[in-house]
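S.K.: Handing you a structure now.
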Amino acid sequence: MISVARRSILATMLLCGPAAASINMAGTWQFTVPVQTSTVVSYTGPLVQVGNNLSSFAPFAVAGSTCATSATVSGNISDTGAVTINVTLNGQSRVLTGTISPDGNSASGTYTTNPGSCITVTSGAWTGARAQQVLPQFAFGGGWYSALYFSNEGTNPASLTVTFLADDGTPLNVPSVGGSSTTVTLSPNGTAIIEAPNVGNLSEGSVLMALPGGVVGYGIFRQSVPGVPDQEAVVPLSKASTVASRLIWDDTTPTTAMAILNPGPAATTVTVVVQDTHGNLLGTSALQLAPGAKMTGTLRGLQGVTGVAGTRGSADFTPGSGGNVAVLGLRFGGAAFTSIPTADR
């Protein structure tokens, strides 16, 4: 059972409520042009932000004649979309087209010419929004402290914009960062932290960010209750592109709580299907979520779901067609709590 003091704060935090953000595209891109003489011409250039979600190479020229049978583009990024390289072949404009790997960590493409043809790379670009990640719950004040940790595993500096949203999807002011967003700058192999102290009344929402290639992170929640030692839990980040999420729960003694976020730009209906350990249906619930909005509560408190208390099972969260969902599970028992990882796709 949750203590009376902890149950009161849990209820305040999780039962009180039913986005696109500007993305920092700074970074570098490298590609190579293999030539017939076995010489490889390499170029690393700056990415230039174009609008909100696009970047391109600064124009450049490869010195000398590079008579090649093919051209290849490769790199290390965390984006989805198409890769294009604009080339001049024998005085005529050509476009090399490639793809980014499903995990968003590499990109490749090839344009094959006739043997002996000369190819001069004049400019290149990649298109597509940087893959976004979210923390579906973020709370500070009223007994709660939250933090975000980031580390840059790369050998180049990196930066990212972190945006805070209220439960209704509107900007959430976080006094410790001076507004509803902040920029994190990381040195090569460097780390950084964003803290929201336990000061004042409870404020809660979610966090949206786009991690550059080589940058990793996680969240921390800390709960403070008078007369009880502080309790902390590590919470993972979720992909904003998730189209289905499964939560494995145990309510035999603990209580399962959850934050369900719509990270997309359009309203969606998230269907929750709850089953016991034998796969028997315990009920379904439909949650209407506006863009960037979040709903929180306990699993046993979902409308249309019965028989959760005292048993175990799984719950599947599926948004409407074309929608996305991010789910964070929390397990409360006695004076302690921890996060519950979800299986996402």
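We name chains A, B, ... following the order of the structure tokens; residues begin at 1 in each chain, and ligands are numbered from 1 as shown.
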For range 306-309 of chain A, work out the shell of residues within 8 Å, counting only C-alpha atoms and skipping chain neighbours fewer than 4 positions away, then give it as a list in words.
M.R.: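 Residues near the query, excluding close chain neighbours: Asp251, Thr252, Thr255, Asp276, Leu282, Gly283, Leu299 and Arg300 of chain A.
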S.K.: Store the residues picked out above in a file with C-alpha atoms, as a PDB file, in the first residue's frame.
M.R.:
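Ended up saving to out09.pdb:
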```
ATOM      1  CA  ASP A 251      -0.969  -4.647  -9.001  1.00  0.00           C
ATOM      2  CA  THR A 252      -0.874  -7.564  -6.554  1.00  0.00           C
ATOM      3  CA  THR A 255      -0.110   0.387  -7.656  1.00  0.00           C
ATOM      4  CA  ASP A 276      -4.494 -10.484 -17.190  1.00  0.00           C
ATOM      5  CA  LEU A 282     -10.052  -6.992 -18.277  1.00  0.00           C
ATOM      6  CA  GLY A 283     -11.432  -4.084 -20.253  1.00  0.00           C
ATOM      7  CA  LEU A 299      -4.238   1.723 -14.402  1.00  0.00           C
ATOM      8  CA  ARG A 300      -6.934   0.420 -12.049  1.00  0.00           C
TER       9      ARG A 300
END
```
S.K.: Would you give me, as a PyMOL selection string, the residues in range 242-316 of chain A that DSSP reads as strand (DSSP E or B)?
M.R.: chain A and resi 245-250+255-261+268-276+281-289+294-298+305+312-316
S.K.: Please save C-alpha atoms of the selected residues as a PDB file, in the first residue's frame.
M.R.:
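Contents of the output file selection_2.pdb:
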```pdb
ATOM      1  CA  SER A 245       3.270   0.576 -26.591  1.00  0.00           C
ATOM      2  CA  ARG A 246       2.913  -2.341 -24.158  1.00  0.00           C
ATOM      3  CA  LEU A 247       3.156  -1.944 -20.381  1.00  0.00           C
ATOM      4  CA  ILE A 248       3.625  -5.023 -18.166  1.00  0.00           C
ATOM      5  CA  TRP A 249       2.041  -4.327 -14.772  1.00  0.00           C
ATOM      6  CA  ASP A 250       1.763  -5.890 -11.329  1.00  0.00           C
ATOM      7  CA  THR A 255      -0.110   0.387  -7.656  1.00  0.00           C
ATOM      8  CA  THR A 256       0.625   1.021 -11.338  1.00  0.00           C
ATOM      9  CA  ALA A 257       0.437   4.634 -12.482  1.00  0.00           C
ATOM     10  CA  MET A 258       1.065   5.962 -15.975  1.00  0.00           C
ATOM     11  CA  ALA A 259       1.503   9.070 -18.081  1.00  0.00           C
ATOM     12  CA  ILE A 260       0.107   8.847 -21.625  1.00  0.00           C
ATOM     13  CA  LEU A 261       1.260  11.533 -24.056  1.00  0.00           C
ATOM     14  CA  THR A 268      -5.743  11.310 -31.513  1.00  0.00           C
ATOM     15  CA  THR A 269      -7.705   8.672 -29.616  1.00  0.00           C
ATOM     16  CA  VAL A 270      -5.507   6.240 -27.698  1.00  0.00           C
ATOM     17  CA  THR A 271      -7.131   2.841 -27.176  1.00  0.00           C
ATOM     18  CA  VAL A 272      -6.006   0.976 -24.054  1.00  0.00           C
ATOM     19  CA  VAL A 273      -6.554  -2.800 -23.934  1.00  0.00           C
ATOM     20  CA  VAL A 274      -5.849  -4.449 -20.563  1.00  0.00           C
ATOM     21  CA  GLN A 275      -5.460  -8.192 -20.080  1.00  0.00           C
ATOM     22  CA  ASP A 276      -4.494 -10.484 -17.190  1.00  0.00           C
ATOM     23  CA  LEU A 281      -9.586  -9.210 -21.335  1.00  0.00           C
ATOM     24  CA  LEU A 282     -10.052  -6.992 -18.277  1.00  0.00           C
ATOM     25  CA  GLY A 283     -11.432  -4.084 -20.253  1.00  0.00           C
ATOM     26  CA  THR A 284     -10.740  -1.355 -22.798  1.00  0.00           C
ATOM     27  CA  SER A 285     -10.640   2.413 -22.530  1.00  0.00           C
ATOM     28  CA  ALA A 286     -10.528   5.205 -25.127  1.00  0.00           C
ATOM     29  CA  LEU A 287      -8.555   8.359 -24.264  1.00  0.00           C
ATOM     30  CA  GLN A 288      -9.025  11.556 -26.290  1.00  0.00           C
ATOM     31  CA  LEU A 289      -5.769  13.520 -26.476  1.00  0.00           C
ATOM     32  CA  LYS A 294      -1.098  14.189 -21.703  1.00  0.00           C
ATOM     33  CA  MET A 295      -3.348  12.170 -19.393  1.00  0.00           C
ATOM     34  CA  THR A 296      -2.177  10.655 -16.109  1.00  0.00           C
ATOM     35  CA  GLY A 297      -3.697   8.289 -13.571  1.00  0.00           C
ATOM     36  CA  THR A 298      -3.628   4.752 -12.220  1.00  0.00           C
ATOM     37  CA  VAL A 305     -11.306  -1.506 -16.957  1.00  0.00           C
ATOM     38  CA  ARG A 312      -0.915  -8.908 -12.940  1.00  0.00           C
ATOM     39  CA  GLY A 313      -0.988  -8.547 -16.690  1.00  0.00           C
ATOM     40  CA  SER A 314      -0.246  -6.265 -19.610  1.00  0.00           C
ATOM     41  CA  ALA A 315      -1.776  -3.182 -21.184  1.00  0.00           C
ATOM     42  CA  ASP A 316      -1.527  -2.149 -24.849  1.00  0.00           C
TER      43      ASP A 316
END
```
S.K.: Neighbouring residues of range 341-345 of chain A were defined as those with any atom within 9 Å, considering only C-alpha atoms; residues of the same chain fewer than 4 positions away were excluded. Please report them as a PyMOL selection string.
M.R.: chain A and resi 235-236+238-239+241-248+326-330
S.K.: Could you dump the residues just selected with C-alpha atoms as a compact mmCIF listing (two decimals), in the first residue's frame?
M.R.:
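Contents of result.txt, as written:
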```
# COMPACT_ATOMS: atom_id res chain seq x y z
CA VAL A 235 13.03 7.16 -16.11
CA PRO A 236 13.85 6.43 -19.78
CA SER A 238 10.52 7.58 -25.26
CA LYS A 239 10.49 7.93 -29.04
CA SER A 241 7.39 8.12 -33.36
CA THR A 242 5.99 5.18 -31.34
CA VAL A 243 2.81 3.70 -32.86
CA ALA A 244 2.10 1.07 -30.17
CA SER A 245 3.27 0.58 -26.59
CA ARG A 246 2.91 -2.34 -24.16
CA LEU A 247 3.16 -1.94 -20.38
CA ILE A 248 3.63 -5.02 -18.17
CA ALA A 326 4.40 7.80 -25.58
CA VAL A 327 3.76 5.95 -22.32
CA LEU A 328 5.63 6.08 -19.02
CA GLY A 329 4.78 3.59 -16.28
CA LEU A 330 5.43 4.11 -12.57
```
S.K.: Write out as a list in words which residues come within 10 Å of Ala267 in chain A when counting only C-alpha atoms, dropping same-chain ones fewer than 6 positions away.
M.R.: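 Result of the neighbour search: Gln288, Leu289, Ala290, Pro291, Gly292, Ala293, Pro319, Gly320, Gly323 and Asn324 of chain A.
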S.K.: Okay, now the selection with C-alpha atoms, as a compact mmCIF listing (two decimals), in the first residue's frame?
M.R.:
```txt
# COMPACT_ATOMS: atom_id res chain seq x y z
CA GLN A 288 -9.02 11.56 -26.29
CA LEU A 289 -5.77 13.52 -26.48
CA ALA A 290 -5.22 16.90 -28.11
CA PRO A 291 -1.88 17.65 -29.82
CA GLY A 292 0.91 17.60 -27.22
CA ALA A 293 -1.56 16.76 -24.44
CA PRO A 319 -3.20 5.67 -31.08
CA GLY A 320 -5.60 6.32 -33.94
CA GLY A 323 -1.05 9.01 -34.65
CA ASN A 324 1.69 8.40 -32.08
```
